[in-house]
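Have a look at model_19.cif below; it lists mmCIF, C-alpha atoms.
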```
data_structure
#
loop_
_atom_site.group_PDB
_atom_site.id
_atom_site.type_symbol
_atom_site.label_atom_id
_atom_site.label_comp_id
_atom_site.auth_asym_id
_atom_site.auth_seq_id
_atom_site.Cartn_x
_atom_site.Cartn_y
_atom_site.Cartn_z
ATOM 1 C CA MET Y 6 82.737 130.375 146.429
ATOM 2 C CA ASP Y 7 80.295 133.176 145.666
ATOM 3 C CA SER Y 8 76.692 132.353 146.351
ATOM 4 C CA PRO Y 9 73.947 133.168 143.871
ATOM 5 C CA LEU Y 10 72.982 135.970 146.264
ATOM 6 C CA SER Y 11 76.196 137.825 145.579
ATOM 7 C CA ASN Y 12 76.002 137.199 141.851
ATOM 8 C CA PRO Y 13 73.166 139.222 140.305
ATOM 9 C CA ARG Y 14 72.133 137.543 137.070
ATOM 10 C CA SER Y 15 71.178 139.187 133.838
ATOM 11 C CA HIS Y 16 68.381 136.715 133.308
ATOM 12 C CA THR Y 17 66.036 134.571 135.303
ATOM 13 C CA SER Y 18 66.061 130.866 134.687
ATOM 14 C CA PRO Y 19 63.885 129.335 137.409
ATOM 15 C CA SER Y 20 60.729 128.117 135.784
ATOM 16 C CA THR Y 21 58.045 129.667 137.938
ATOM 17 C CA CYS Y 22 54.694 131.298 137.431
ATOM 18 C CA THR Y 23 54.496 135.064 137.005
ATOM 19 C CA GLY Y 24 56.557 136.718 139.724
ATOM 20 C CA PRO Y 25 55.776 139.832 141.765
ATOM 21 C CA GLY Y 26 58.050 141.985 139.601
ATOM 22 C CA GLU Y 27 56.190 141.213 136.405
ATOM 23 C CA THR Y 28 52.858 141.467 138.234
ATOM 24 C CA ALA Y 29 53.818 144.937 139.509
ATOM 25 C CA LEU Y 30 54.656 146.009 135.951
ATOM 26 C CA ARG Y 31 51.358 144.730 134.562
ATOM 27 C CA THR Y 32 49.391 146.319 137.397
ATOM 28 C CA ALA Y 33 51.098 149.698 137.010
ATOM 29 C CA LEU Y 34 51.166 149.823 133.214
ATOM 30 C CA GLY Y 35 48.262 147.619 132.134
ATOM 31 C CA ASN Y 36 48.638 144.924 129.507
ATOM 32 C CA ASP Y 37 48.993 147.421 126.657
ATOM 33 C CA GLY Y 38 51.520 149.454 128.612
ATOM 34 C CA TYR Y 39 53.411 146.264 129.409
ATOM 35 C CA ALA Y 40 53.650 145.410 125.703
ATOM 36 C CA THR Y 41 54.765 148.989 124.981
ATOM 37 C CA LEU Y 42 57.473 148.681 127.617
ATOM 38 C CA ARG Y 43 58.879 145.644 125.783
ATOM 39 C CA ARG Y 44 59.012 147.701 122.575
ATOM 40 C CA HIS Y 45 60.636 150.625 124.368
ATOM 41 C CA CYS Y 46 63.380 148.305 125.636
ATOM 42 C CA ARG Y 47 64.579 148.034 122.035
ATOM 43 C CA LEU Y 48 64.809 151.803 121.499
ATOM 44 C CA THR Y 49 68.328 153.099 121.256
ATOM 45 C CA ASP Y 50 67.805 156.635 119.949
ATOM 46 C CA THR Y 51 66.030 158.107 122.992
ATOM 47 C CA ALA Y 52 66.503 158.045 126.752
ATOM 48 C CA LEU Y 53 63.270 156.063 127.012
ATOM 49 C CA GLY Y 54 65.035 152.924 125.797
ATOM 50 C CA PRO Y 55 67.605 152.633 128.606
ATOM 51 C CA LEU Y 56 64.953 153.619 131.157
ATOM 52 C CA ALA Y 57 62.607 150.900 129.896
ATOM 53 C CA GLU Y 58 65.480 148.420 129.957
ATOM 54 C CA LEU Y 59 66.312 149.420 133.539
ATOM 55 C CA LEU Y 60 62.676 148.933 134.543
ATOM 56 C CA TRP Y 61 62.554 145.532 132.847
ATOM 57 C CA THR Y 62 65.757 144.220 134.427
ATOM 58 C CA THR Y 63 64.716 145.585 137.846
ATOM 59 C CA ALA Y 64 61.475 143.608 137.627
ATOM 60 C CA GLN Y 65 63.363 140.507 136.476
ATOM 61 C CA GLU Y 66 65.754 140.726 139.411
ATOM 62 C CA ALA Y 67 62.796 141.057 141.801
ATOM 63 C CA ASP Y 68 61.301 137.907 140.291
ATOM 64 C CA ARG Y 69 64.614 136.081 140.609
ATOM 65 C CA LEU Y 70 64.954 137.003 144.266
ATOM 66 C CA HIS Y 71 61.361 135.931 144.858
ATOM 67 C CA ALA Y 72 62.001 132.596 143.125
ATOM 68 C CA GLU Y 73 65.073 132.048 145.314
ATOM 69 C CA LEU Y 74 63.094 132.818 148.459
ATOM 70 C CA ARG Y 75 60.465 130.268 147.466
ATOM 71 C CA TYR Y 76 63.202 127.755 146.660
ATOM 72 C CA TYR Y 77 64.886 128.167 150.058
ATOM 73 C CA ALA Y 78 61.547 127.927 151.830
ATOM 74 C CA ARG Y 79 60.572 124.724 150.001
ATOM 75 C CA ASN Y 80 63.997 123.183 150.485
ATOM 76 C CA THR Y 81 64.131 124.026 154.189
ATOM 77 C CA CYS Y 82 60.600 122.700 154.689
ATOM 78 C CA ASP Y 83 61.660 119.312 153.313
ATOM 79 C CA HIS Y 84 64.827 119.309 155.420
ATOM 80 C CA LEU Y 85 62.816 119.939 158.574
ATOM 81 C CA ARG Y 86 60.460 117.102 157.677
ATOM 82 C CA HIS Y 87 63.513 114.913 157.091
ATOM 83 C CA VAL Y 88 65.108 115.563 160.498
ATOM 84 C CA PRO Y 89 62.740 113.603 162.821
ATOM 85 C CA ALA Y 90 62.891 110.534 160.571
ATOM 86 C CA HIS Y 91 66.693 110.492 160.642
ATOM 87 C CA ALA Y 92 67.388 111.994 164.062
ATOM 88 C CA ASN Y 93 69.691 109.109 164.990
ATOM 89 C CA GLN Y 94 71.947 109.763 162.000
ATOM 90 C CA THR Y 95 74.269 112.698 162.584
ATOM 91 C CA GLU Y 96 75.154 112.841 158.897
ATOM 92 C CA ALA Y 97 71.513 113.219 157.895
ATOM 93 C CA VAL Y 98 70.703 116.117 160.238
ATOM 94 C CA PRO Y 99 72.152 119.206 158.525
ATOM 95 C CA LEU Y 100 71.772 121.647 161.408
ATOM 96 C CA GLY Y 101 74.649 123.797 160.152
ATOM 97 C CA PHE Y 102 73.046 123.849 156.766
ATOM 98 C CA LEU Y 103 69.711 124.929 158.216
ATOM 99 C CA GLN Y 104 71.359 127.739 160.204
ATOM 100 C CA HIS Y 105 73.219 128.892 157.128
ATOM 101 C CA THR Y 106 70.039 128.780 155.061
ATOM 102 C CA SER Y 107 68.218 130.791 157.713
ATOM 103 C CA ARG Y 108 70.789 133.572 157.431
ATOM 104 C CA ALA Y 109 70.678 133.363 153.649
ATOM 105 C CA ILE Y 110 66.886 133.719 153.710
ATOM 106 C CA ASP Y 111 67.193 136.825 155.917
ATOM 107 C CA VAL Y 112 69.634 138.414 153.473
ATOM 108 C CA ASN Y 113 67.561 137.372 150.495
ATOM 109 C CA ALA Y 114 64.336 138.735 152.003
ATOM 110 C CA THR Y 115 65.997 142.084 152.721
ATOM 111 C CA ARG Y 116 67.312 142.253 149.170
ATOM 112 C CA TYR Y 117 63.867 141.378 147.833
ATOM 113 C CA VAL Y 118 62.228 144.249 149.749
ATOM 114 C CA GLN Y 119 64.915 146.651 148.497
ATOM 115 C CA GLN Y 120 64.379 145.452 144.951
ATOM 116 C CA MET Y 121 60.602 145.920 145.088
ATOM 117 C CA ASN Y 122 61.102 149.461 146.439
ATOM 118 C CA GLN Y 123 63.538 150.135 143.623
ATOM 119 C CA LEU Y 124 61.057 148.711 141.129
ATOM 120 C CA ASN Y 125 58.342 151.113 142.323
ATOM 121 C CA LEU Y 126 60.755 154.047 141.910
ATOM 122 C CA ALA Y 127 61.662 152.866 138.410
ATOM 123 C CA ILE Y 128 57.976 152.545 137.491
ATOM 124 C CA GLU Y 129 57.302 156.116 138.601
ATOM 125 C CA ALA Y 130 60.297 157.414 136.634
ATOM 126 C CA TYR Y 131 59.156 155.525 133.520
ATOM 127 C CA LYS Y 132 55.618 156.885 133.818
ATOM 128 C CA LEU Y 133 56.962 160.442 134.091
ATOM 129 C CA ALA Y 134 59.148 159.843 131.040
ATOM 130 C CA LEU Y 135 56.104 158.619 129.101
ATOM 131 C CA LEU Y 136 54.229 161.826 129.955
ATOM 132 C CA ALA Y 137 57.162 163.950 128.833
ATOM 133 C CA ALA Y 138 57.746 161.996 125.618
ATOM 134 C CA MET J 25 61.694 103.971 119.138
ATOM 135 C CA THR J 26 59.183 106.117 120.970
ATOM 136 C CA SER J 27 57.885 109.405 119.632
ATOM 137 C CA ILE J 28 58.964 112.797 120.923
ATOM 138 C CA ALA J 29 55.502 113.251 122.434
ATOM 139 C CA GLU J 30 55.753 109.918 124.270
ATOM 140 C CA GLN J 31 59.215 110.720 125.597
ATOM 141 C CA ALA J 32 58.035 114.164 126.721
ATOM 142 C CA HIS J 33 55.046 112.622 128.475
ATOM 143 C CA ALA J 34 57.283 110.039 130.166
ATOM 144 C CA ALA J 35 59.620 112.781 131.417
ATOM 145 C CA SER J 36 56.718 114.786 132.802
ATOM 146 C CA THR J 37 55.260 111.704 134.519
ATOM 147 C CA PHE J 38 58.686 110.804 135.923
ATOM 148 C CA ILE J 39 59.020 114.231 137.524
ATOM 149 C CA GLN J 40 55.569 114.085 139.116
ATOM 150 C CA GLN J 41 55.955 110.543 140.420
ATOM 151 C CA THR J 42 59.523 111.002 141.660
ATOM 152 C CA ALA J 43 58.643 114.206 143.509
ATOM 153 C CA ALA J 44 55.629 112.586 145.165
ATOM 154 C CA ALA J 45 57.519 109.476 146.273
ATOM 155 C CA SER J 46 60.897 110.990 147.168
ATOM 156 C CA GLU J 47 62.327 110.085 150.572
ATOM 157 C CA TYR J 48 63.743 113.634 150.703
ATOM 158 C CA GLY J 49 60.324 115.281 150.521
ATOM 159 C CA PRO J 50 58.245 116.552 147.595
ATOM 160 C CA HIS J 51 60.154 119.776 146.971
ATOM 161 C CA ARG J 52 63.669 118.365 147.118
ATOM 162 C CA GLY J 53 62.343 115.358 145.210
ATOM 163 C CA LEU J 54 61.127 117.712 142.505
ATOM 164 C CA ASP J 55 64.614 119.223 142.210
ATOM 165 C CA HIS J 56 66.117 115.737 142.005
ATOM 166 C CA ALA J 57 63.695 114.663 139.289
ATOM 167 C CA ARG J 58 64.105 117.826 137.220
ATOM 168 C CA THR J 59 67.895 117.513 137.462
ATOM 169 C CA ALA J 60 67.729 113.872 136.335
ATOM 170 C CA VAL J 61 65.602 114.798 133.330
ATOM 171 C CA ARG J 62 67.939 117.649 132.449
ATOM 172 C CA LEU J 63 71.058 115.457 132.601
ATOM 173 C CA ALA J 64 69.367 112.628 130.698
ATOM 174 C CA SER J 65 68.434 115.140 127.984
ATOM 175 C CA THR J 66 71.931 116.620 127.963
ATOM 176 C CA LEU J 67 73.607 113.251 127.487
ATOM 177 C CA GLY J 68 70.884 111.561 125.443
ATOM 178 C CA LEU J 69 70.468 108.860 128.091
ATOM 179 C CA SER J 70 67.482 107.043 129.504
ATOM 180 C CA LEU J 71 66.307 108.248 132.913
ATOM 181 C CA GLN J 72 66.983 104.830 134.407
ATOM 182 C CA HIS J 73 70.709 105.436 133.960
ATOM 183 C CA ILE J 74 70.710 108.569 136.131
ATOM 184 C CA THR J 75 70.984 108.546 139.937
ATOM 185 C CA ILE J 76 70.591 111.728 141.990
ATOM 186 C CA THR J 77 71.804 112.306 145.561
ATOM 187 C CA PRO J 78 72.233 115.453 147.680
ATOM 188 C CA ASP J 79 75.809 116.706 147.892
ATOM 189 C CA SER J 80 76.443 117.216 151.596
ATOM 190 C CA LYS J 81 80.085 118.211 151.037
ATOM 191 C CA ARG J 82 79.137 121.359 149.145
ATOM 192 C CA ARG J 83 76.296 122.477 151.407
ATOM 193 C CA THR J 84 78.074 125.706 152.219
ATOM 194 C CA THR J 85 75.997 127.709 149.770
ATOM 195 C CA PRO J 86 72.265 128.368 150.111
ATOM 196 C CA GLY J 87 70.174 125.717 148.467
ATOM 197 C CA GLU J 88 71.247 122.168 147.960
ATOM 198 C CA PRO J 89 73.789 121.057 145.364
ATOM 199 C CA LEU J 90 73.020 117.701 143.763
ATOM 200 C CA LEU J 91 75.243 114.916 142.493
ATOM 201 C CA ALA J 92 73.975 113.221 139.346
ATOM 202 C CA ILE J 93 75.630 109.922 138.443
ATOM 203 C CA ALA J 94 75.210 108.801 134.854
ATOM 204 C CA THR J 95 75.976 105.148 134.121
ATOM 205 C CA CYS J 96 76.909 104.164 130.580
ATOM 206 C CA SER J 97 74.624 101.332 129.509
ATOM 207 C CA THR J 98 77.357 99.861 127.284
ATOM 208 C CA THR J 99 80.531 100.043 129.370
ATOM 209 C CA ARG J 100 78.998 100.562 132.854
ATOM 210 C CA THR J 101 81.377 103.512 133.249
ATOM 211 C CA GLN J 102 80.017 106.065 135.708
ATOM 212 C CA TYR J 103 80.298 109.821 135.297
ATOM 213 C CA THR J 104 79.506 112.077 138.237
ATOM 214 C CA PHE J 105 78.068 115.517 137.555
ATOM 215 C CA LEU J 106 77.467 118.306 140.020
ATOM 216 C CA ALA J 107 74.388 120.528 139.739
ATOM 217 C CA ARG J 108 75.600 123.295 142.040
ATOM 218 C CA TYR J 109 72.453 125.435 141.878
ATOM 219 C CA PRO J 110 69.564 123.169 140.800
ATOM 220 C CA LEU J 111 67.220 126.161 140.822
ATOM 221 C CA TYR J 112 69.042 127.601 137.822
ATOM 222 C CA GLU J 113 68.480 125.199 135.005
ATOM 223 C CA ASP J 114 70.607 127.170 132.553
ATOM 224 C CA GLU J 115 73.737 126.585 134.646
ATOM 225 C CA PRO J 116 76.076 123.935 133.190
ATOM 226 C CA PHE J 117 76.680 120.641 134.952
ATOM 227 C CA GLU J 118 80.156 120.273 136.399
ATOM 228 C CA LEU J 119 81.862 116.978 135.595
ATOM 229 C CA LEU J 120 83.665 115.712 138.685
ATOM 230 C CA GLY J 121 86.947 113.890 138.446
ATOM 231 C CA PRO J 122 90.205 113.476 140.400
ATOM 232 C CA CYS J 123 92.051 116.721 141.091
ATOM 233 C CA PRO J 124 95.503 116.542 139.411
ATOM 234 C CA VAL J 125 97.011 117.756 142.702
ATOM 235 C CA CYS J 126 95.073 116.056 145.515
ATOM 236 C CA ALA J 127 93.073 113.390 143.613
ATOM 237 C CA ALA J 128 89.836 114.322 145.384
ATOM 238 C CA PRO J 129 86.727 114.518 143.156
ATOM 239 C CA VAL J 130 86.394 118.137 141.992
ATOM 240 C CA PRO J 131 84.914 119.943 138.960
ATOM 241 C CA LEU J 132 87.108 119.347 135.911
ATOM 242 C CA ALA J 133 84.810 120.486 133.098
ATOM 243 C CA ALA J 134 81.627 122.483 132.592
ATOM 244 C CA VAL J 135 79.176 120.386 130.578
ATOM 245 C CA ARG J 136 76.298 122.104 128.802
ATOM 246 C CA HIS J 137 75.875 119.410 126.165
ATOM 247 C CA LEU J 138 77.301 116.087 125.032
ATOM 248 C CA ALA J 139 80.080 117.691 122.971
ATOM 249 C CA ASP J 140 81.514 119.355 126.107
ATOM 250 C CA LEU J 141 81.877 115.922 127.671
ATOM 251 C CA GLY J 142 83.377 114.596 124.442
ATOM 252 C CA THR J 143 85.969 117.375 124.358
ATOM 253 C CA HIS J 144 86.961 116.713 127.958
ATOM 254 C CA LEU J 145 87.230 112.948 127.439
ATOM 255 C CA ALA J 146 89.362 113.480 124.332
ATOM 256 C CA THR J 147 91.812 115.919 125.899
ATOM 257 C CA GLY J 148 91.699 115.149 129.631
ATOM 258 C CA PRO J 149 92.401 117.764 132.292
ATOM 259 C CA ALA J 150 95.165 120.197 131.390
ATOM 260 C CA PRO J 151 98.356 119.960 133.494
ATOM 261 C CA LEU J 152 98.484 122.405 136.400
ATOM 262 C CA SER J 153 101.448 124.637 137.078
ATOM 263 C CA ASN J 154 102.008 127.277 139.734
ATOM 264 C CA GLY J 155 100.522 129.885 137.394
ATOM 265 C CA PRO J 156 96.867 130.651 136.677
ATOM 266 C CA THR J 157 94.476 127.713 136.316
ATOM 267 C CA PRO J 158 94.077 126.788 132.608
ATOM 268 C CA ALA J 159 90.891 128.070 130.997
ATOM 269 C CA THR J 160 89.690 124.540 130.285
ATOM 270 C CA TYR J 161 88.871 124.135 133.983
ATOM 271 C CA PRO J 162 85.539 125.496 135.223
ATOM 272 C CA ASP J 163 85.617 128.668 137.312
ATOM 273 C CA THR J 164 84.579 126.629 140.331
ATOM 274 C CA PHE J 165 87.697 124.416 140.266
ATOM 275 C CA ASP J 166 89.933 126.726 142.300
ATOM 276 C CA THR J 167 87.620 127.090 145.300
ATOM 277 C CA ASP J 168 85.620 123.869 145.203
ATOM 278 C CA GLU J 169 84.930 122.384 148.616
ATOM 279 C CA GLY J 170 85.807 118.898 147.330
ATOM 280 C CA HIS J 171 89.582 119.492 147.388
ATOM 281 C CA ALA J 172 91.543 117.770 150.138
ATOM 282 C CA PRO J 173 92.412 120.034 153.091
ATOM 283 C CA THR J 174 96.092 119.827 152.165
ATOM 284 C CA CYS J 175 95.516 120.774 148.521
ATOM 285 C CA ARG J 176 96.643 124.204 147.368
ATOM 286 C CA TYR J 177 93.224 124.578 145.787
ATOM 287 C CA GLY J 178 89.926 124.578 147.637
ATOM 288 C CA ALA J 179 87.905 126.918 149.839
ATOM 289 C CA ALA J 180 90.083 129.387 151.720
#
```
How does this structure look as structure tokens?
Amino acid sequence: MDSPLSNPRSHTSPSTCTGPGETALRTALGNDGYATLRRHCRLTDTALGPLAELLWTTAQEADRLHAELRYYARNTCDHLRHVPAHANQTEAVPLGFLQHTSRAIDVNATRYVQQMNQLNLAIEAYKLALLAA
Amino acid sequence: MTSIAEQAHAASTFIQQTAAASEYGPHRGLDHARTAVRLASTLGLSLQHITITPDSKRRTTPGEPLLAIATCSTTRTQYTFLARYPLYEDEPFELLGPCPVCAAPVPLAAVRHLADLGTHLATGPAPLSNGPTPATYPDTFDTDEGHAPTCRYGAA
């Protein structure tokens, strides 16, 4: 069974507040530039369209990875709280699960850092394309 | 008959109260409550007919899969749904039922709305041969951790 980590998604469904990807876009481009980016994503007759789309999806993926990290952290926090109360029940102490989640968080955190680096590169490329347009 | 606004308010209150009082902790409790509301909305049921429990058998993936049991108020028939990734609320529920090969409870249909359940109940699971799994089964059927160890399906 593939985990969500190995299945990049084309959209982000977790209902969260604004993620770091979108925040990075707004900070780099400003609110007007952010709105322009959304319009550029619909362009098909210039290279700016695919570049804007790449920037948008890169930010979305960063937000998805961030949402997953928060989810794992919250979930693990509750599991750890749960352990002392049920320490006499082997079934209720998911140590294997916690170890697995720990590894998953490591992988996810590494991917998140990569994605944010990639996002910064995409932002720079988009800004250069705007100057040349 | 309550208004849409009243039902929406009740769902929101249910999520807050369930998360706060959950024996599994506030964050897992929040996932449980949101999953219950989503399944109740999907099937057009009252929240009191939905029971959520963690699925320890499928804890091999990050996060925590949830089992949602819906009880029919008329016939008392129970339907068990799997929310494999509760974080992703656009993922379909997986209806669990006996594997045609090993009889263990495994995903037999992906349910995004009531009509998906209706289609499955009307046709039942397609017969399995030695060839590819019929398209009516969800993608997760072949490798689901719920299959018996002796079953030809299940995690490798």
Point-to-point distance in Å for CA of Thr26 in chain J and CA of His56 in chain J
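About the pair CA of His56 in chain J and CA of Thr26 in chain J: they are 24.1 Å apart.
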Write out as a list in words the residues lying within 12 Å of Arg43 in chain Y, counting all atoms listed in the file and excluding same-chain residues fewer than 5 positions away.
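Those residues are Glu27, Leu30, Arg31, Leu34, Asn36, Asp37, Gly38, Leu48, Leu53, Gly54, Pro55, Leu56, Ala57, Glu58, Leu59, Leu60, Trp61 and Thr62 of chain Y.
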Could you spell out the hits of the PyMOL selection byres ((chain J and resi 54) around 12) on the shown file, as a VMD selection string?
(chain Y and resid 76 79 to 80 83) or (chain J and resid 36 to 53 55 to 61 76 90 110 to 111)
File of the preceding selection, C-alpha atoms, as a PDB file, keeping the file's coordinate frame:
```pdb
ATOM      1  CA  TYR Y  76      63.202 127.755 146.660  1.00  0.00           C
ATOM      2  CA  ARG Y  79      60.572 124.724 150.001  1.00  0.00           C
ATOM      3  CA  ASN Y  80      63.997 123.183 150.485  1.00  0.00           C
ATOM      4  CA  ASP Y  83      61.660 119.312 153.313  1.00  0.00           C
TER       5      ASP Y  83
ATOM      6  CA  SER J  36      56.718 114.786 132.802  1.00  0.00           C
ATOM      7  CA  THR J  37      55.260 111.704 134.519  1.00  0.00           C
ATOM      8  CA  PHE J  38      58.686 110.804 135.923  1.00  0.00           C
ATOM      9  CA  ILE J  39      59.020 114.231 137.524  1.00  0.00           C
ATOM     10  CA  GLN J  40      55.569 114.085 139.116  1.00  0.00           C
ATOM     11  CA  GLN J  41      55.955 110.543 140.420  1.00  0.00           C
ATOM     12  CA  THR J  42      59.523 111.002 141.660  1.00  0.00           C
ATOM     13  CA  ALA J  43      58.643 114.206 143.509  1.00  0.00           C
ATOM     14  CA  ALA J  44      55.629 112.586 145.165  1.00  0.00           C
ATOM     15  CA  ALA J  45      57.519 109.476 146.273  1.00  0.00           C
ATOM     16  CA  SER J  46      60.897 110.990 147.168  1.00  0.00           C
ATOM     17  CA  GLU J  47      62.327 110.085 150.572  1.00  0.00           C
ATOM     18  CA  TYR J  48      63.743 113.634 150.703  1.00  0.00           C
ATOM     19  CA  GLY J  49      60.324 115.281 150.521  1.00  0.00           C
ATOM     20  CA  PRO J  50      58.245 116.552 147.595  1.00  0.00           C
ATOM     21  CA  HIS J  51      60.154 119.776 146.971  1.00  0.00           C
ATOM     22  CA  ARG J  52      63.669 118.365 147.118  1.00  0.00           C
ATOM     23  CA  GLY J  53      62.343 115.358 145.210  1.00  0.00           C
ATOM     24  CA  ASP J  55      64.614 119.223 142.210  1.00  0.00           C
ATOM     25  CA  HIS J  56      66.117 115.737 142.005  1.00  0.00           C
ATOM     26  CA  ALA J  57      63.695 114.663 139.289  1.00  0.00           C
ATOM     27  CA  ARG J  58      64.105 117.826 137.220  1.00  0.00           C
ATOM     28  CA  THR J  59      67.895 117.513 137.462  1.00  0.00           C
ATOM     29  CA  ALA J  60      67.729 113.872 136.335  1.00  0.00           C
ATOM     30  CA  VAL J  61      65.602 114.798 133.330  1.00  0.00           C
ATOM     31  CA  ILE J  76      70.591 111.728 141.990  1.00  0.00           C
ATOM     32  CA  LEU J  90      73.020 117.701 143.763  1.00  0.00           C
ATOM     33  CA  PRO J 110      69.564 123.169 140.800  1.00  0.00           C
ATOM     34  CA  LEU J 111      67.220 126.161 140.822  1.00  0.00           C
TER      35      LEU J 111
END
```
Exactly which residues make up the result of the PyMOL selection byres ((chain J) within 9 of (chain Y)) on this file, given as an MDAnalysis selection string?
chainID J and resid 47:52 80 83:88 109 111:115 164 167:169 179
For the file shown, what are the residues hit by the PyMOL selection byres ((chain Y and resi 132) around 12), laid out as a ChimeraX atom specification?
/Y:30,33-35,38-39,41-42,53,56-57,60,125-131,133-138
Name the residues within 8 Å of (66.5, 142.6, 141.7), counting only C-alpha atoms in the file's coordinates, and put them as a VMD selection string.
chain Y and resid 13 62 to 70 116 to 117 120 to 121
Just write the chosen residues, C-alpha atoms, as a PDB file, in the coordinates of the input.
```pdb
ATOM      1  CA  PRO Y  13      73.166 139.222 140.305  1.00  0.00           C
ATOM      2  CA  THR Y  62      65.757 144.220 134.427  1.00  0.00           C
ATOM      3  CA  THR Y  63      64.716 145.585 137.846  1.00  0.00           C
ATOM      4  CA  ALA Y  64      61.475 143.608 137.627  1.00  0.00           C
ATOM      5  CA  GLN Y  65      63.363 140.507 136.476  1.00  0.00           C
ATOM      6  CA  GLU Y  66      65.754 140.726 139.411  1.00  0.00           C
ATOM      7  CA  ALA Y  67      62.796 141.057 141.801  1.00  0.00           C
ATOM      8  CA  ASP Y  68      61.301 137.907 140.291  1.00  0.00           C
ATOM      9  CA  ARG Y  69      64.614 136.081 140.609  1.00  0.00           C
ATOM     10  CA  LEU Y  70      64.954 137.003 144.266  1.00  0.00           C
ATOM     11  CA  ARG Y 116      67.312 142.253 149.170  1.00  0.00           C
ATOM     12  CA  TYR Y 117      63.867 141.378 147.833  1.00  0.00           C
ATOM     13  CA  GLN Y 120      64.379 145.452 144.951  1.00  0.00           C
ATOM     14  CA  MET Y 121      60.602 145.920 145.088  1.00  0.00           C
TER      15      MET Y 121
END
```
May I ask for the distance between CA of Ser97 in chain J and CA of Leu63 in chain J, given in Å to one decimal place?
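Distance between the two atoms: 14.9 Å.
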Would you compute, for all listed atoms of range 101-111 of chain Y, the axis-aligned bounding box grown by 4 Å on each side, and then report its centre and edge lengths in Å rounded to one decimal, as lines of an AutoDock Vina configuration file?
```
center_x = 70.8
center_y = 130.3
center_z = 156.9
size_x = 15.8
size_y = 21.0
size_z = 14.6
```
For the atom pair CA of Thr174 in chain J and CA of Thr77 in chain J, what is the interatomic distance in Å to one decimal place?
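Going from CA of Thr174 in chain J over to CA of Thr77 in chain J, I get 26.3 Å.
The shell of residues at most 12 Å from Thr157 in chain J, with only C-alpha atoms counted and near chain neighbours (fewer than 6 positions) removed, consists of Pro124, Leu132, Pro149, Ala150, Pro151, Asp163, Thr164, Phe165, Asp166, Thr167, Arg176 and Tyr177 of chain J.
With all atoms listed in the file as the basis for measurement, J:Thr160 is the residue among J:Val135, J:Val125, J:Thr101, J:Thr160 that approaches Thr147 in chain J most closely.
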